[in-house]
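**Q** Sharing run36.txt, compact mmCIF, C-alpha atoms:
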# COMPACT_ATOMS: atom_id res chain seq x y z
CA MET A 5 -24.59 7.97 -2.98
CA GLY A 6 -21.54 7.09 -0.97
CA ILE A 7 -22.22 9.61 1.78
CA LYS A 8 -25.61 8.07 2.51
CA GLY A 9 -23.79 4.77 2.94
CA MET A 10 -21.64 6.24 5.72
CA LYS A 11 -23.09 5.60 9.13
CA TYR A 12 -23.95 8.69 11.14
CA GLU A 13 -21.92 7.35 14.09
CA ASP A 14 -18.80 7.44 11.92
CA PHE A 15 -19.17 11.18 11.58
CA LYS A 16 -19.53 11.48 15.33
CA ASP A 17 -16.44 9.43 16.14
CA ASN A 18 -14.56 12.22 17.82
CA GLU A 19 -12.50 10.10 20.18
CA SER A 20 -9.76 9.48 17.66
CA LEU A 21 -9.92 13.09 16.64
CA GLU A 22 -9.41 14.19 20.24
CA LEU A 23 -6.22 12.15 20.32
CA LEU A 24 -4.89 14.17 17.42
CA LYS A 25 -5.90 17.36 19.14
CA GLU A 26 -3.67 16.73 22.15
CA SER A 27 -0.99 19.27 21.60
CA GLY A 28 -1.53 21.77 24.36
CA THR A 29 -4.16 24.02 22.91
CA ASN A 30 -5.74 26.53 25.21
CA ILE A 31 -9.23 27.86 24.81
CA LEU A 32 -8.36 30.96 22.84
CA LEU A 33 -6.11 29.11 20.39
CA ALA A 34 -8.64 26.38 19.92
CA THR A 35 -11.22 28.92 18.96
CA ILE A 36 -8.97 30.53 16.38
CA ASP A 37 -8.06 27.12 15.08
CA ASP A 38 -11.71 26.25 14.72
CA VAL A 39 -12.45 29.34 12.69
CA ILE A 40 -9.38 28.93 10.50
CA ASN A 41 -10.03 25.24 9.97
CA TRP A 42 -13.62 25.89 9.06
CA GLY A 43 -12.47 28.33 6.41
CA ARG A 44 -9.81 26.00 5.09
CA LYS A 45 -11.95 22.91 4.88
CA ALA A 46 -14.80 24.71 3.15
CA SER A 47 -12.69 26.03 0.27
CA LEU A 48 -10.30 23.26 -0.73
CA TRP A 49 -9.05 24.06 -4.19
CA PRO A 50 -7.60 21.06 -5.98
CA LEU A 51 -4.78 21.18 -8.49
CA THR A 52 -5.60 20.12 -12.03
CA PHE A 53 -3.36 17.09 -11.95
CA ALA A 54 -4.18 13.64 -13.26
CA THR A 55 -1.88 11.00 -14.68
CA SER A 56 -4.26 8.26 -15.82
CA CYS A 57 -7.75 6.77 -15.62
CA CYS A 58 -8.39 7.98 -12.05
CA GLY A 59 -8.31 11.44 -13.60
CA ILE A 60 -11.40 10.57 -15.62
CA GLU A 61 -13.24 9.67 -12.42
CA MET A 62 -12.02 12.91 -10.84
CA MET A 63 -13.43 14.89 -13.78
CA GLN A 64 -16.69 13.02 -13.39
CA THR A 65 -16.73 13.92 -9.70
CA GLY A 66 -16.39 17.55 -10.66
CA ALA A 67 -19.18 17.31 -13.22
CA PRO A 68 -22.78 18.24 -12.29
CA TYR A 69 -24.03 14.74 -11.48
CA HIS A 70 -21.78 14.22 -8.45
CA ASP A 71 -20.92 17.85 -8.00
CA PHE A 72 -17.74 18.44 -6.06
CA ALA A 73 -18.83 22.03 -5.65
CA ARG A 74 -21.27 21.20 -2.88
CA PHE A 75 -18.32 20.86 -0.54
CA GLY A 76 -16.34 23.88 -1.68
CA MET A 77 -13.96 22.10 -4.06
CA GLU A 78 -15.25 23.41 -7.32
CA VAL A 79 -12.31 25.53 -8.38
CA TYR A 80 -9.69 23.41 -10.11
CA ARG A 81 -6.52 25.46 -10.22
CA ALA A 82 -4.08 25.16 -13.06
CA SER A 83 -1.23 26.55 -10.97
CA PRO A 84 0.11 24.77 -7.89
CA ARG A 85 0.64 28.14 -6.23
CA GLN A 86 -3.11 28.64 -6.00
CA ALA A 87 -4.04 25.09 -5.01
CA ASP A 88 -4.66 23.71 -1.52
CA VAL A 89 -4.88 20.01 -2.27
CA ILE A 90 -3.28 17.78 -4.86
CA VAL A 91 -5.25 14.68 -5.77
CA VAL A 92 -2.70 12.20 -7.08
CA ALA A 93 -5.02 10.57 -9.58
CA GLY A 94 -3.15 7.81 -11.33
CA THR A 95 0.11 5.99 -11.85
CA ILE A 96 3.30 7.82 -10.89
CA VAL A 97 6.36 6.59 -12.76
CA TYR A 98 9.94 7.31 -11.75
CA LYS A 99 10.20 9.89 -14.49
CA MET A 100 7.14 11.68 -13.12
CA ALA A 101 8.20 11.55 -9.46
CA PRO A 102 10.49 14.63 -9.53
CA VAL A 103 7.76 16.58 -11.33
CA LEU A 104 5.21 15.61 -8.71
CA LYS A 105 7.63 16.58 -5.95
CA ARG A 106 8.23 19.94 -7.56
CA LEU A 107 4.49 20.58 -7.92
CA TYR A 108 4.02 19.71 -4.27
CA ASP A 109 6.87 21.99 -3.23
CA GLN A 110 5.40 24.84 -5.24
CA MET A 111 2.09 24.65 -3.40
CA SER A 112 1.82 27.04 -0.49
CA GLU A 113 1.04 25.87 3.03
CA PRO A 114 -1.30 24.56 4.23
CA LYS A 115 -1.29 21.87 1.59
CA TYR A 116 -2.83 18.45 1.47
CA VAL A 117 -2.36 15.31 -0.58
CA VAL A 118 -4.97 12.72 -1.49
CA ALA A 119 -3.69 9.46 -2.99
CA MET A 120 -6.48 8.29 -5.26
CA GLY A 121 -6.60 4.73 -6.54
CA ALA A 122 -4.46 1.62 -6.31
CA CYS A 123 -1.53 3.01 -8.34
CA ALA A 124 -1.07 6.04 -6.13
CA ILE A 125 -1.41 3.96 -2.97
CA SER A 126 1.01 1.14 -3.74
CA GLY A 127 1.67 0.86 -7.46
CA GLY A 128 -1.45 -1.28 -7.70
CA PRO A 129 -1.45 -3.54 -10.76
CA PHE A 130 2.16 -2.47 -11.41
CA PHE A 131 3.48 -3.44 -7.99
CA LEU A 132 5.24 -6.62 -9.10
CA ASN A 133 7.97 -6.80 -11.74
CA SER A 134 7.67 -3.20 -12.89
CA TYR A 135 10.80 -1.21 -13.52
CA SER A 136 9.10 2.12 -13.99
CA VAL A 137 6.27 2.60 -11.49
CA VAL A 138 6.70 4.20 -8.07
CA LYS A 139 5.34 1.78 -5.47
CA GLY A 140 3.13 4.27 -3.69
CA VAL A 141 3.16 8.04 -3.81
CA GLU A 142 4.00 8.12 -0.09
CA HIS A 143 7.60 7.51 -1.19
CA VAL A 144 7.61 10.95 -2.80
CA ILE A 145 5.27 13.24 -0.85
CA PRO A 146 3.36 12.90 2.45
CA VAL A 147 -0.20 11.65 1.97
CA ASP A 148 -3.21 12.69 4.06
CA VAL A 149 -5.95 10.44 2.70
CA PHE A 150 -5.80 7.19 0.73
CA ILE A 151 -8.77 6.28 -1.45
CA PRO A 152 -8.77 2.64 -2.61
CA GLY A 153 -10.28 1.53 -5.89
CA CYS A 154 -9.17 0.92 -9.43
CA PRO A 155 -10.29 3.51 -10.22
CA PRO A 156 -12.39 4.66 -7.23
CA ARG A 157 -15.94 5.68 -8.03
CA PRO A 158 -16.81 9.36 -7.72
CA GLU A 159 -18.66 8.58 -4.48
CA ALA A 160 -15.45 7.16 -3.08
CA LEU A 161 -13.52 10.28 -4.03
CA LEU A 162 -16.19 12.44 -2.41
CA TYR A 163 -16.01 10.30 0.71
CA GLY A 164 -12.23 10.65 0.78
CA MET A 165 -12.42 14.40 0.40
CA LEU A 166 -14.92 14.56 3.26
CA GLN A 167 -12.47 12.57 5.35
CA LEU A 168 -9.84 15.15 4.48
CA GLN A 169 -12.21 17.87 5.65
CA ARG A 170 -12.64 16.07 8.95
CA LYS A 171 -8.90 15.82 9.25
CA ILE A 172 -8.49 19.54 8.65
CA GLU A 173 -11.05 20.22 11.38
CA THR A 174 -8.78 18.56 13.93
CA GLU A 175 -5.69 20.55 13.07
CA THR A 176 -3.93 23.02 15.27
CA MET A 177 -1.27 25.40 14.12
CA ARG A 178 1.35 23.46 16.01
CA SER A 179 0.45 19.99 14.82
CA ARG A 180 0.41 21.04 11.18
CA LYS A 181 3.96 22.29 11.25
CA LYS A 182 5.23 19.16 12.91
CA ARG A 183 3.52 16.94 10.40
CA SER A 184 4.81 18.44 7.19
CA ALA A 185 8.35 18.59 8.53
CA SER A 186 8.42 14.92 9.46
CA HIS A 187 8.20 13.41 5.99
CA ASN A 188 11.26 12.19 4.18
CA SER A 189 11.11 11.72 0.45
CA GLU A 190 12.88 8.48 -0.41
CA ILE A 191 13.03 8.88 -4.15
CA VAL A 192 13.60 12.53 -5.05
CA MET B 9 -4.80 -12.84 -53.01
CA ASN B 10 -5.55 -14.78 -49.87
CA ILE B 11 -2.90 -15.66 -47.29
CA THR B 12 -1.79 -18.84 -49.06
CA GLU B 13 -1.28 -17.11 -52.39
CA LEU B 14 0.45 -14.19 -50.70
CA ALA B 15 2.78 -16.56 -48.84
CA GLU B 16 3.62 -18.33 -52.10
CA TYR B 17 4.23 -15.06 -53.90
CA ILE B 18 6.48 -13.75 -51.18
CA GLY B 19 8.31 -17.07 -51.15
CA SER B 20 9.06 -16.61 -54.84
CA LEU B 21 10.07 -13.01 -54.27
CA LEU B 22 12.47 -13.82 -51.43
CA PRO B 23 14.21 -17.09 -52.27
CA GLY B 24 15.84 -18.76 -49.29
CA CYS B 25 13.39 -17.42 -46.71
CA LYS B 26 10.96 -19.51 -44.72
CA VAL B 27 7.44 -18.26 -45.40
CA THR B 28 4.67 -19.71 -43.28
CA GLU B 29 0.97 -19.11 -42.99
CA GLY B 30 0.14 -17.72 -39.59
CA LYS B 31 -3.34 -17.57 -38.16
CA GLN B 32 -3.85 -14.04 -39.39
CA PHE B 33 -0.97 -13.13 -41.64
CA ALA B 34 1.74 -14.62 -43.80
CA GLU B 35 4.94 -14.77 -41.76
CA VAL B 36 8.48 -14.61 -43.03
CA ALA B 37 11.40 -15.76 -40.88
CA LEU B 38 14.55 -14.02 -42.07
CA PRO B 39 18.20 -14.26 -41.22
CA PRO B 40 19.25 -10.77 -40.02
CA GLU B 41 21.61 -10.14 -42.93
CA MET B 42 18.74 -10.49 -45.41
CA LEU B 43 16.41 -8.11 -43.62
CA HIS B 44 17.21 -4.91 -45.45
CA ASP B 45 17.18 -6.45 -48.92
CA ALA B 46 13.91 -8.24 -48.25
CA ALA B 47 12.28 -5.10 -46.87
CA PHE B 48 13.46 -3.13 -49.89
CA LYS B 49 12.04 -5.72 -52.27
CA LEU B 50 8.70 -5.92 -50.49
CA ARG B 51 8.42 -2.13 -50.49
CA ASN B 52 9.25 -1.63 -54.15
CA ASP B 53 7.85 -4.71 -55.86
CA ALA B 54 4.87 -3.56 -57.94
CA LYS B 55 2.64 -6.47 -56.97
CA ALA B 56 3.48 -6.57 -53.26
CA SER B 57 4.05 -2.84 -52.64
CA PHE B 58 4.16 -2.87 -48.83
CA ASP B 59 4.14 0.87 -48.42
CA PHE B 60 3.17 1.10 -44.76
CA LEU B 61 5.24 -0.08 -41.78
CA VAL B 62 2.57 -0.65 -39.15
CA CYS B 63 4.81 -1.50 -36.23
CA ILE B 64 8.14 -2.89 -35.19
CA THR B 65 8.05 -4.98 -32.05
CA GLY B 66 11.21 -5.80 -30.12
CA VAL B 67 11.11 -9.21 -28.47
CA ASP B 68 13.22 -10.90 -25.82
CA TYR B 69 12.69 -14.63 -26.36
CA GLY B 70 14.79 -15.54 -23.32
CA GLN B 71 17.84 -16.74 -25.23
CA ASP B 72 17.43 -14.76 -28.42
CA LEU B 73 16.56 -11.16 -29.09
CA GLY B 74 14.42 -10.34 -32.07
CA ALA B 75 12.34 -7.85 -33.94
CA THR B 76 8.97 -8.33 -35.64
CA TYR B 77 7.89 -6.08 -38.49
CA HIS B 78 4.25 -5.73 -39.52
CA LEU B 79 4.03 -4.45 -43.06
CA ARG B 80 0.85 -3.42 -44.80
CA SER B 81 0.10 -2.70 -48.38
CA VAL B 82 -2.50 0.02 -48.32
CA SER B 83 -3.29 -0.19 -52.00
CA ASN B 84 -3.71 -3.99 -52.03
CA GLY B 85 -4.87 -4.64 -48.50
CA TYR B 86 -2.25 -7.27 -47.64
CA THR B 87 -0.37 -7.63 -44.40
CA VAL B 88 2.83 -9.56 -43.92
CA VAL B 89 4.98 -10.19 -40.86
CA LEU B 90 8.77 -10.26 -40.96
CA LYS B 91 10.64 -11.84 -38.09
CA VAL B 92 14.35 -11.64 -37.38
CA ARG B 93 16.22 -12.89 -34.35
CA THR B 94 19.78 -13.08 -33.11
CA SER B 95 21.42 -15.04 -30.32
CA ASP B 96 23.97 -12.28 -29.67
CA ARG B 97 22.93 -10.64 -26.41
CA GLU B 98 26.12 -8.63 -25.98
CA ASN B 99 25.90 -6.62 -29.18
CA PRO B 100 22.64 -7.41 -30.96
CA HIS B 101 22.17 -5.49 -34.17
CA PHE B 102 19.89 -5.50 -37.21
CA ASP B 103 19.90 -3.30 -40.28
CA SER B 104 17.83 -0.18 -40.00
CA VAL B 105 14.89 0.22 -42.36
CA THR B 106 14.56 3.99 -41.85
CA ASP B 107 15.68 4.59 -45.43
CA ILE B 108 12.73 2.51 -46.66
CA TRP B 109 10.04 3.62 -44.21
CA LYS B 110 10.63 6.94 -42.44
CA SER B 111 8.29 5.89 -39.64
CA ALA B 112 10.81 3.29 -38.50
CA ASP B 113 12.86 6.07 -36.94
CA LEU B 114 11.09 6.37 -33.59
CA MET B 115 10.18 2.69 -33.39
CA GLU B 116 13.80 1.65 -33.73
CA ARG B 117 14.86 4.22 -31.17
CA GLU B 118 12.29 2.89 -28.74
CA ILE B 119 13.46 -0.70 -29.21
CA TYR B 120 17.05 0.41 -28.73
CA ASP B 121 16.04 2.24 -25.56
CA LEU B 122 14.18 -0.63 -23.93
CA LEU B 123 15.88 -3.75 -25.30
CA GLY B 124 19.30 -2.52 -26.38
CA ILE B 125 19.04 -3.76 -29.95
CA LYS B 126 21.13 -1.57 -32.24
CA PHE B 127 19.96 -0.70 -35.75
CA THR B 128 22.89 -0.10 -38.04
CA GLY B 129 22.29 2.70 -40.49
CA HIS B 130 19.84 4.54 -38.25
CA PRO B 131 20.38 8.30 -38.64
CA ASP B 132 20.07 9.20 -34.96
CA LEU B 133 20.12 6.20 -32.64
CA ARG B 134 19.76 7.81 -29.20
CA ARG B 135 17.68 6.69 -26.26
CA LEU B 136 14.06 7.76 -26.53
CA PHE B 137 12.39 7.65 -23.09
CA LEU B 138 15.05 6.92 -20.51
CA ASP B 139 18.29 8.60 -19.60
CA ARG B 140 21.77 7.15 -19.65
CA SER B 141 21.62 5.78 -16.12
CA TRP B 142 19.25 2.99 -17.16
CA GLY B 143 20.11 -0.39 -18.57
CA PHE B 144 17.65 -2.00 -20.95
CA PRO B 145 14.65 -2.61 -18.70
CA LEU B 146 12.50 -4.77 -20.96
CA ARG B 147 15.15 -7.48 -21.20
CA LYS B 148 14.22 -10.59 -19.27
CA ASP B 149 17.53 -10.60 -17.40
CA TYR B 150 17.25 -6.95 -16.33
CA MET B 151 17.87 -6.54 -12.61
CA ASP B 152 17.06 -3.59 -10.36
CA ASP B 153 16.84 -4.25 -6.65
CA THR B 154 15.53 -0.84 -5.64
CA LYS B 155 12.87 -0.25 -8.27
CA ILE B 156 11.59 -3.74 -9.04
CA VAL B 157 9.62 -5.74 -6.50
CA THR B 158 9.39 -9.46 -7.27
CA LYS B 159 7.32 -12.15 -5.63
Since I need it in another form, could you write the structure as structure tokens?

**A**
Amino acid sequence: MGIKGMKYEDFKDNESLELLKESGTNILLATIDDVINWGRKASLWPLTFATSCCGIEMMQTGAPYHDFARFGMEVYRASPRQADVIVVAGTIVYKMAPVLKRLYDQMSEPKYVVAMGACAISGGPFFLNSYSVVKGVEHVIPVDVFIPGCPPRPEALLYGMLQLQRKIETETMRSRKKRSASHNSEIV
Amino acid sequence: MNITELAEYIGSLLPGCKVTEGKQFAEVALPPEMLHDAAFKLRNDAKASFDFLVCITGVDYGQDLGATYHLRSVSNGYTVVLKVRTSDRENPHFDSVTDIWKSADLMEREIYDLLGIKFTGHPDLRRLFLDRSWGFPLRKDYMDDTKIVTK
């Protein structure tokens, strides 16, 4: 399993996390943040959204063998209004980009984006000479975690989602607001 | 009939056309003005009876634009390939075969959408996938500086 392959020291690397945390939290706020973040990271509900073969791997990750549910992500939501995280699983074409943007806008805060696979990261195999493929989903919506692979194995998706959980742990109320306001969509 | 016999038969059916034996199928190179007549004959001839239009492929050869028709006779088990091409890049047009095979409707619309080849006689030749702001993106000389990244 992918998680076994991750060194224990990597989980304990809190130095970089402390850097993110530097936004003037006092003790009381930090405690509330911790409780809220614990709740958020332990019930990440993904949106049922897949545009190509990465979606098959995502389904496999949700199936009993790899079992997403161990980490609180079992409930795939069919409505963006109930989802916390959108896993962009597959190629996004220019025709799809406004739809993706609308789905993202319909999700309620706090919301997270995972770019899964080469297509979502950079256009992947369609990067050169393609008239129709968006060269990375970052051009449309802000991305929290990138998972490389073509498509990534379920272990890789699990690893990426655990990274997202770690990221949520480091959030404060102030930093989250700043982050989501700073992204500019170039395409839609 | 094997490919050789089929090619000979089609040659006799369509005088003036170049029929060759391809690796898989008999291939017929047609001048565009003969396309509709030839398709009609191949569809309705009792012995050939090509009742199924498998696919139309639009091709940009660089200089020429063309279309390739794969026809299949379900009852006899033959396949034949029709090829037409034109050097007119400004206003390329072939005759529509929608009146012979209904399934040509969407295929011709798709080719019009992506390569800009018009099919005269098509009942409803609108774009299929893209909106009006696009050119014809599958043409080799299509340019788009914002969407296309080249090496």

**Q** Choose the residue, out of A:Tyr135, A:Trp49, A:Phe150, A:Tyr163, that has the smallest atom-to-atom separation from chain B; count all atoms listed in the file.

**A** A:Tyr135

**Q** Nearest to B:Asn10 among B:Thr76, B:Ala37, B:Tyr86, B:Asp53, with distances taken over all atoms listed in the file: which residue is it?

**A**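 Closest residue, counting all atoms listed in the file: B:Tyr86.
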
**Q** For chain B, work out the contacting residues on chain A at 8 Å, counting only C-alpha atoms, and write them as a list in words.

**A**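 Matching residues, ligands excluded from the count: Phe131, Leu132, Asn133, Ser134, Tyr135, Ser136, Val137 and Val138 of chain A.
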
**Q** Quick one: residues within 9 Å of A:Thr52, all atoms listed in the file counted, chain neighbours fewer than 6 positions away excluded, as a PDB file with C-alpha atoms, keeping the file's coordinate frame?

**A**
ATOM      1  CA  TYR A  80      -9.690  23.410 -10.110  1.00  0.00           C
ATOM      2  CA  ARG A  81      -6.520  25.460 -10.220  1.00  0.00           C
ATOM      3  CA  ALA A  82      -4.080  25.160 -13.060  1.00  0.00           C
ATOM      4  CA  SER A  83      -1.230  26.550 -10.970  1.00  0.00           C
ATOM      5  CA  PRO A  84       0.110  24.770  -7.890  1.00  0.00           C
ATOM      6  CA  ALA A  87      -4.040  25.090  -5.010  1.00  0.00           C
ATOM      7  CA  ILE A  90      -3.280  17.780  -4.860  1.00  0.00           C
ATOM      8  CA  VAL A  91      -5.250  14.680  -5.770  1.00  0.00           C
TER       9      VAL A  91
END

**Q** Write out as an MDAnalysis selection string the residues lying within 8 Å of B:Thr94, counting all atoms listed in the file and excluding same-chain residues fewer than 6 positions away.

**A** chainID B and resid 40 72:74 100

**Q** Tell me, in Å to one decimal, how far atom CA of A:Ile96 is from atom CA of B:Leu114.

**A**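 Going from atom CA of A:Ile96 over to atom CA of B:Leu114 covers 24.0 Å.
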
**Q** What lies within 12 Å of stretch 45-48 of chain B using only C-alpha atoms, ignoring chain neighbours under 4 positions off, as a ChimeraX atom specification?

**A** /B:18-25,36-41,52-54,56-61,77-80,88-92,103-109,112

**Q** With C-alpha atoms retained, export the selected residues as a CSV table (one decimal), keeping the file's coordinate frame.

**A**
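The new file part-v6.csv reads:
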chain,number,residue,atom,x,y,z
B,18,ILE,CA,6.5,-13.8,-51.2
B,19,GLY,CA,8.3,-17.1,-51.2
B,20,SER,CA,9.1,-16.6,-54.8
B,21,LEU,CA,10.1,-13.0,-54.3
B,22,LEU,CA,12.5,-13.8,-51.4
B,23,PRO,CA,14.2,-17.1,-52.3
B,24,GLY,CA,15.8,-18.8,-49.3
B,25,CYS,CA,13.4,-17.4,-46.7
B,36,VAL,CA,8.5,-14.6,-43.0
B,37,ALA,CA,11.4,-15.8,-40.9
B,38,LEU,CA,14.6,-14.0,-42.1
B,39,PRO,CA,18.2,-14.3,-41.2
B,40,PRO,CA,19.2,-10.8,-40.0
B,41,GLU,CA,21.6,-10.1,-42.9
B,52,ASN,CA,9.2,-1.6,-54.2
B,53,ASP,CA,7.8,-4.7,-55.9
B,54,ALA,CA,4.9,-3.6,-57.9
B,56,ALA,CA,3.5,-6.6,-53.3
B,57,SER,CA,4.0,-2.8,-52.6
B,58,PHE,CA,4.2,-2.9,-48.8
B,59,ASP,CA,4.1,0.9,-48.4
B,60,PHE,CA,3.2,1.1,-44.8
B,61,LEU,CA,5.2,-0.1,-41.8
B,77,TYR,CA,7.9,-6.1,-38.5
B,78,HIS,CA,4.2,-5.7,-39.5
B,79,LEU,CA,4.0,-4.4,-43.1
B,80,ARG,CA,0.8,-3.4,-44.8
B,88,VAL,CA,2.8,-9.6,-43.9
B,89,VAL,CA,5.0,-10.2,-40.9
B,90,LEU,CA,8.8,-10.3,-41.0
B,91,LYS,CA,10.6,-11.8,-38.1
B,92,VAL,CA,14.4,-11.6,-37.4
B,103,ASP,CA,19.9,-3.3,-40.3
B,104,SER,CA,17.8,-0.2,-40.0
B,105,VAL,CA,14.9,0.2,-42.4
B,106,THR,CA,14.6,4.0,-41.8
B,107,ASP,CA,15.7,4.6,-45.4
B,108,ILE,CA,12.7,2.5,-46.7
B,109,TRP,CA,10.0,3.6,-44.2
B,112,ALA,CA,10.8,3.3,-38.5

**Q** Provide the atom CA of A:Gly59 to atom CA of A:Ala93 distance in Å, to one decimal place.

**A** 5.3 Å

**Q** What's the 6 Å shell around stretch 167-175 of chain A, counting all atoms listed in the file, without same-chain residues fewer than 3 positions away, as a PyMOL selection string?

**A** chain A and resi 41+45+164

**Q** Just to be explicit: take each residue in the selection above, keep C-alpha atoms, and write the result as a compact mmCIF listing (two decimals), in the coordinates of the input.

**A**
# COMPACT_ATOMS: atom_id res chain seq x y z
CA ASN A 41 -10.03 25.24 9.97
CA LYS A 45 -11.95 22.91 4.88
CA GLY A 164 -12.23 10.65 0.78

**Q** Work out how far atom CA of B:Ser95 is from atom CA of B:Tyr69, in Å to one decimal.

**A**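 Between atom CA of B:Tyr69 and atom CA of B:Ser95 the gap works out to 9.6 Å.
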
**Q** List the spatial neighbours of A:Gly94 as a list in words - criterion: any atom at most 8 Å away, all atoms listed in the file, same-chain residues fewer than 2 positions off excluded.

**A**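 Those residues are Ala54, Thr55, Ser56, Cys57, Cys58, Gly59, Val92, Ile96, Met120, Gly121, Cys123 and Ala124 of chain A.
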
**Q** Using the file's own x, y and z axes, what box holds all listed atoms of stretch 70-89 of chain B with 3 Å on each side, keeping edges along x, y and z, and what are its centre and edge lengths in Å to one decimal, as JSON?

**A**
{"center_x": 6.5, "center_y": -8.4, "center_z": -37.7, "size_x": 28.7, "size_y": 22.8, "size_z": 34.7}

**Q** Please tell me which residues are no farther than 10 Å from (13.6, 8.6, 1.0) in the file, counting only C-alpha atoms, and write them as an MDAnalysis selection string.

**A** chainID A and resid 142:145 187:192
